[in-house]
$ cat upload_24.pdb   # PDB, C-alpha atoms
MODEL        1
ATOM      1  CA  MET A1172      39.589 238.519 113.878
ATOM      2  CA  HIS A1173      39.356 242.314 113.867
ATOM      3  CA  GLN A1174      38.510 243.857 117.240
ATOM      4  CA  PRO A1175      36.098 246.797 117.421
ATOM      5  CA  PRO A1176      37.665 250.191 118.163
ATOM      6  CA  LEU A1177      37.965 251.153 121.818
ATOM      7  CA  SER A1178      35.952 253.989 123.275
ATOM      8  CA  LYS A1179      37.934 257.051 124.352
ATOM      9  CA  SER A1180      37.656 256.049 128.018
ATOM     10  CA  GLU A1181      38.666 252.421 127.333
ATOM     11  CA  PHE A1182      41.629 253.618 125.275
ATOM     12  CA  SER A1183      42.678 256.010 128.053
ATOM     13  CA  GLU A1184      42.362 253.331 130.744
ATOM     14  CA  ARG A1185      44.398 250.786 128.781
ATOM     15  CA  ALA A1186      47.041 253.370 127.915
ATOM     16  CA  GLU A1187      47.313 254.305 131.589
ATOM     17  CA  VAL A1188      47.914 250.644 132.512
ATOM     18  CA  ILE A1189      50.707 250.389 129.934
ATOM     19  CA  ALA A1190      52.238 253.692 131.071
ATOM     20  CA  ARG A1191      52.264 252.555 134.701
ATOM     21  CA  ARG A1192      53.935 249.254 133.733
ATOM     22  CA  ILE A1193      56.656 251.134 131.849
ATOM     23  CA  ILE A1194      57.155 253.555 134.752
ATOM     24  CA  GLN A1195      57.462 250.650 137.205
ATOM     25  CA  ALA A1196      60.076 249.045 134.966
ATOM     26  CA  LEU A1197      62.059 252.295 134.960
ATOM     27  CA  GLU A1198      61.827 253.129 138.658
ATOM     28  CA  GLY A1199      65.083 253.710 140.441
ATOM     29  CA  GLU A1200      68.049 255.954 139.920
ATOM     30  CA  GLN A1201      68.625 256.355 136.214
ATOM     31  CA  ASP A1202      69.866 259.161 134.019
ATOM     32  CA  ALA A1203      66.756 261.033 132.851
ATOM     33  CA  PHE A1204      68.092 261.794 129.384
ATOM     34  CA  LEU A1205      69.099 258.174 128.895
ATOM     35  CA  VAL A1206      65.552 257.113 129.785
ATOM     36  CA  LEU A1207      64.129 259.719 127.371
ATOM     37  CA  GLU A1208      66.349 258.448 124.561
ATOM     38  CA  GLY A1209      65.287 254.864 125.261
ATOM     39  CA  LEU A1210      61.619 255.846 125.269
ATOM     40  CA  SER A1211      62.103 257.762 122.022
ATOM     41  CA  ARG A1212      63.470 254.598 120.452
ATOM     42  CA  VAL A1213      60.473 252.634 121.752
ATOM     43  CA  HIS A1214      58.174 255.303 120.291
ATOM     44  CA  ARG A1215      59.913 255.021 116.912
ATOM     45  CA  PHE A1216      59.683 251.209 117.018
ATOM     46  CA  VAL A1217      55.955 251.369 117.761
ATOM     47  CA  CYS A1218      55.366 253.967 115.032
ATOM     48  CA  MET A1219      57.106 251.708 112.523
ATOM     49  CA  GLN A1220      54.348 249.164 113.233
ATOM     50  CA  LEU A1221      51.516 251.633 112.606
ATOM     51  CA  PRO A1222      49.800 251.869 109.238
ATOM     52  CA  ALA A1223      50.994 254.842 107.184
ATOM     53  CA  ASP A1224      47.674 256.653 107.596
ATOM     54  CA  ALA A1225      48.074 256.598 111.408
ATOM     55  CA  LEU A1226      51.525 258.191 111.440
ATOM     56  CA  GLY A1227      50.107 261.699 111.133
ATOM     57  CA  ALA A1228      48.055 261.212 114.306
ATOM     58  CA  ALA A1229      51.144 259.931 116.145
ATOM     59  CA  GLY A1230      53.138 262.933 114.950
ATOM     60  CA  PHE A1231      50.352 265.322 115.913
ATOM     61  CA  ALA A1232      50.205 263.870 119.442
ATOM     62  CA  MET A1233      53.976 264.221 119.792
ATOM     63  CA  GLY A1234      53.730 267.789 118.503
ATOM     64  CA  ILE A1235      51.195 268.645 121.206
ATOM     65  CA  TYR A1236      53.532 267.183 123.820
ATOM     66  CA  ALA A1237      56.477 269.121 122.367
ATOM     67  CA  GLY A1238      54.393 272.277 122.707
ATOM     68  CA  GLU A1239      53.715 271.475 126.361
ATOM     69  CA  LEU A1240      57.451 271.056 126.952
ATOM     70  CA  MET A1241      58.271 274.331 125.221
ATOM     71  CA  LYS A1242      55.610 276.188 127.235
ATOM     72  CA  ALA A1243      56.880 274.666 130.495
ATOM     73  CA  SER A1244      60.420 275.668 129.600
ATOM     74  CA  ALA A1245      59.400 279.231 128.738
ATOM     75  CA  THR A1246      57.344 279.748 131.894
ATOM     76  CA  GLY A1247      59.711 277.907 134.230
ATOM     77  CA  LYS A1248      56.744 276.131 135.821
ATOM     78  CA  GLY A1249      57.452 272.590 134.637
ATOM     79  CA  LEU A1250      54.834 270.112 133.491
ATOM     80  CA  GLY A1251      51.640 269.925 135.498
ATOM     81  CA  ALA A1252      50.642 266.616 137.075
ATOM     82  CA  ASN A1253      47.202 266.929 135.489
ATOM     83  CA  ASN A1254      48.528 266.903 131.929
ATOM     84  CA  PRO A1255      47.609 263.717 130.096
ATOM     85  CA  ILE A1256      50.287 261.285 129.015
ATOM     86  CA  HIS A1257      50.455 261.386 125.201
TER
ENDMDL
END

$ encode --input "upload_24.pdb" --output "structure tokens"
Amino acid sequence: MHQPPLSKSEFSERAEVIARRIIQALEGEQDAFLVLEGLSRVHRFVCMQLPADALGAAGFAMGIYAGELMKASATGKGLGANNPIH
């Protein structure tokens, strides 16, 4: 049975729940770059499950995040807490 698409707010709420579960699983002293590499592998695994026509949207979202990182690096201000999790 095909489920109807989520509204933007429902999607955001569910994504936030998943993000918090992942963060809780990773809490504690861990090497930040090791965590980033692990999350990158999870991202790749999830993208492999997406239909081909959805890969562009996933890449676009990652591109926006990459831009945020580059801007934070250039300004020396870091990422703001109000930035959405992509």

$ atom_distance --input "upload_24.pdb" --atom1 "atom CA of Arg1215 of chain A" --atom2 "atom CA of Met1233 of chain A"
11.3 Å

$ atom_distance --input "upload_24.pdb" --atom1 "atom CA of Ala1225 of chain A" --atom2 "atom CA of Leu1205 of chain A"
27.4 Å

$ residues_around --input "upload_24.pdb" --residues "Glu1239 of chain A" --least-positions-apart "6" --cutoff "10 Å" --atoms "all atoms listed in the file" --output "list of chain:residue names"
A:Met1233, A:Ala1245, A:Gly1249, A:Leu1250, A:Gly1251, A:Asn1254

$ axis_aligned_box --input "upload_24.pdb" --around "segment 1227-1240 of chain A" --padding-each-side "4 Å" --output "lines of an AutoDock Vina configuration file"
center_x = 52.8
center_y = 266.1
center_z = 119.0
size_x = 17.4
size_y = 20.3
size_z = 23.8
